[in-house]
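Colleague: Contents of work.tsv (TSV, C-alpha atoms):
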```
chain	number	residue	atom	x	y	z
A	586	PRO	CA	127.91	4.02	124.33
A	587	GLU	CA	126.42	5.53	127.43
A	588	TYR	CA	122.90	4.38	128.44
A	589	ASN	CA	120.61	7.35	129.16
A	590	GLY	CA	117.57	5.42	130.47
A	591	LYS	CA	115.25	6.14	127.52
A	592	PHE	CA	115.08	2.52	126.30
A	593	GLN	CA	113.08	-0.19	128.03
A	594	ASP	CA	116.01	-2.58	128.04
A	595	ILE	CA	119.73	-2.42	127.50
A	596	ASP	CA	119.56	-4.93	124.61
A	597	GLY	CA	117.32	-2.54	122.67
A	598	TYR	CA	119.80	0.22	123.30
A	599	LEU	CA	122.80	-1.81	122.23
A	600	HIS	CA	121.04	-2.83	119.00
A	601	THR	CA	120.74	0.84	118.00
A	602	ASP	CA	124.51	1.06	117.87
A	603	ARG	CA	125.61	1.01	114.21
A	604	VAL	CA	128.13	-1.75	114.95
A	605	TYR	CA	125.56	-4.49	115.66
A	606	LEU	CA	122.53	-4.65	113.36
A	607	PRO	CA	121.66	-8.36	113.15
A	608	GLU	CA	118.51	-8.28	110.98
A	609	LYS	CA	119.51	-8.28	107.29
A	610	CYS	CA	117.43	-7.67	104.16
A	611	PRO	CA	117.01	-10.95	102.22
A	612	ILE	CA	117.78	-9.23	98.89
A	613	ARG	CA	121.54	-9.54	98.30
A	614	THR	CA	121.73	-6.45	96.05
A	615	CYS	CA	120.08	-4.21	98.66
A	616	ALA	CA	122.27	-1.94	100.79
A	617	TYR	CA	120.38	-3.17	103.88
A	618	HIS	CA	121.56	-6.72	103.19
A	619	VAL	CA	124.94	-5.49	104.42
A	620	ARG	CA	123.90	-2.67	106.75
A	621	GLY	CA	121.00	-4.44	108.47
A	622	PHE	CA	118.36	-3.41	110.99
A	623	ALA	CA	118.27	-3.45	114.77
A	624	ARG	CA	114.71	-4.80	114.96
A	625	SER	CA	113.09	-7.66	113.09
A	626	ILE	CA	109.92	-5.63	112.40
A	627	ASP	CA	111.99	-2.95	110.64
A	628	LYS	CA	113.43	-5.66	108.39
A	629	VAL	CA	109.92	-6.97	107.63
A	630	HIS	CA	108.62	-3.49	106.75
A	631	HIS	CA	111.61	-2.87	104.51
A	632	ALA	CA	111.37	-6.27	102.79
A	633	CYS	CA	107.72	-5.58	101.93
A	634	SER	CA	108.88	-2.65	99.80
A	635	HIS	CA	110.81	-5.11	97.60
A	636	PHE	CA	107.95	-7.55	97.02
A	637	GLN	CA	104.61	-5.73	97.10
A	638	GLY	CA	105.08	-3.12	94.40
A	639	THR	CA	103.45	0.30	94.45
A	640	MET	CA	99.89	0.90	95.59
A	641	LEU	CA	97.93	3.98	94.53
A	642	CYS	CA	95.15	5.53	96.57
A	643	GLY	CA	92.02	5.48	94.43
A	644	PHE	CA	90.29	8.03	96.67
A	645	CYS	CA	92.92	10.77	96.41
A	646	PRO	CA	92.94	13.10	93.38
A	647	PRO	CA	95.56	12.07	90.79
A	648	ASP	CA	97.52	15.30	91.28
A	649	ARG	CA	98.23	14.44	94.94
A	650	GLY	CA	100.46	11.54	93.92
A	651	ARG	CA	99.75	9.16	96.81
A	652	HIS	CA	101.96	6.12	96.16
A	653	TYR	CA	102.68	3.51	98.82
A	654	THR	CA	105.15	0.63	98.94
A	655	ARG	CA	104.12	-0.65	102.38
A	656	THR	CA	100.66	-2.08	103.03
A	657	ASP	CA	100.63	-0.94	106.67
A	658	VAL	CA	101.30	2.68	105.69
A	659	PHE	CA	98.68	2.50	102.93
A	660	ALA	CA	96.11	1.06	105.37
A	661	ARG	CA	96.90	3.81	107.89
A	662	HIS	CA	96.39	6.44	105.16
A	663	LEU	CA	93.01	4.94	104.23
A	664	ARG	CA	91.85	4.91	107.86
A	665	ALA	CA	93.17	8.36	108.77
A	666	ILE	CA	92.32	10.33	105.62
A	667	HIS	CA	89.34	8.49	104.16
A	668	ASN	CA	87.83	6.94	107.34
A	669	ALA	CA	87.99	3.47	105.81
A	670	ASP	CA	87.50	0.39	108.00
A	671	LYS	CA	90.06	-2.38	108.33
```
Represent the structure from my file as structure tokens, please.
Modeller:
Amino acid sequence: PEYNGKFQDIDGYLHTDRVYLPEKCPIRTCAYHVRGFARSIDKVHHACSHFQGTMLCGFCPPDRGRHYTRTDVFARHLRAIHNADK
């Protein structure tokens, strides 16, 4: 692939290539166990969706259907929409 200068380092660019995705999901039945992720943090965020279950926002009306599988996304929703503190 040709480097266009948008990444901070060439390693980050090379990891976006579909051929080399070293970070694998720990769940063997998950498609991302084979496919993988370029960054470790992406693997961590994905793995949380397997283990933490679904969180519902108690502040939103039931008809809005706010369901979250990642705690960081749920926390961002609480701060941005409901002005909740950390």
Colleague: Would you please work out which residue, of A:Ile626, A:Ala660, A:Leu606, A:Gly621, is nearest to Met640 in chain A when using only C-alpha atoms?
Modeller: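 The closest residue to Met640 in chain A is A:Ala660.
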Colleague: Have a look at CA of His630 in chain A and CA of Ile612 in chain A and let me know their distance in Å, one decimal.
Modeller: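 Computing the Euclidean distance for CA of His630 in chain A and CA of Ile612 in chain A yields 13.4 Å.
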Colleague: What residues have an atom no more than 7 Å from (92.2, 8.6, 102.1) in the file's own frame, counting only C-alpha atoms, and can you write them as JSON, numbers by chain?
Modeller: {"A": [642, 644, 645, 662, 663, 664, 665, 666, 667]}
Colleague: Give me the residues near range 653-655 of chain A as a compact mmCIF listing (two decimals) with C-alpha atoms, in the frame of the given file, where near means some atom within 12 Å (using only C-alpha atoms) and where sequence neighbours in that chain fewer than 4 positions away do not count.
Modeller:
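Printed below is part31.txt as written:
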```txt
# COMPACT_ATOMS: atom_id res chain seq x y z
CA ASP A 627 111.99 -2.95 110.64
CA VAL A 629 109.92 -6.97 107.63
CA HIS A 630 108.62 -3.49 106.75
CA HIS A 631 111.61 -2.87 104.51
CA ALA A 632 111.37 -6.27 102.79
CA CYS A 633 107.72 -5.58 101.93
CA SER A 634 108.88 -2.65 99.80
CA HIS A 635 110.81 -5.11 97.60
CA PHE A 636 107.95 -7.55 97.02
CA GLN A 637 104.61 -5.73 97.10
CA GLY A 638 105.08 -3.12 94.40
CA THR A 639 103.45 0.30 94.45
CA MET A 640 99.89 0.90 95.59
CA LEU A 641 97.93 3.98 94.53
CA CYS A 642 95.15 5.53 96.57
CA GLY A 643 92.02 5.48 94.43
CA PHE A 659 98.68 2.50 102.93
CA ALA A 660 96.11 1.06 105.37
CA ARG A 661 96.90 3.81 107.89
CA HIS A 662 96.39 6.44 105.16
CA LEU A 663 93.01 4.94 104.23
```
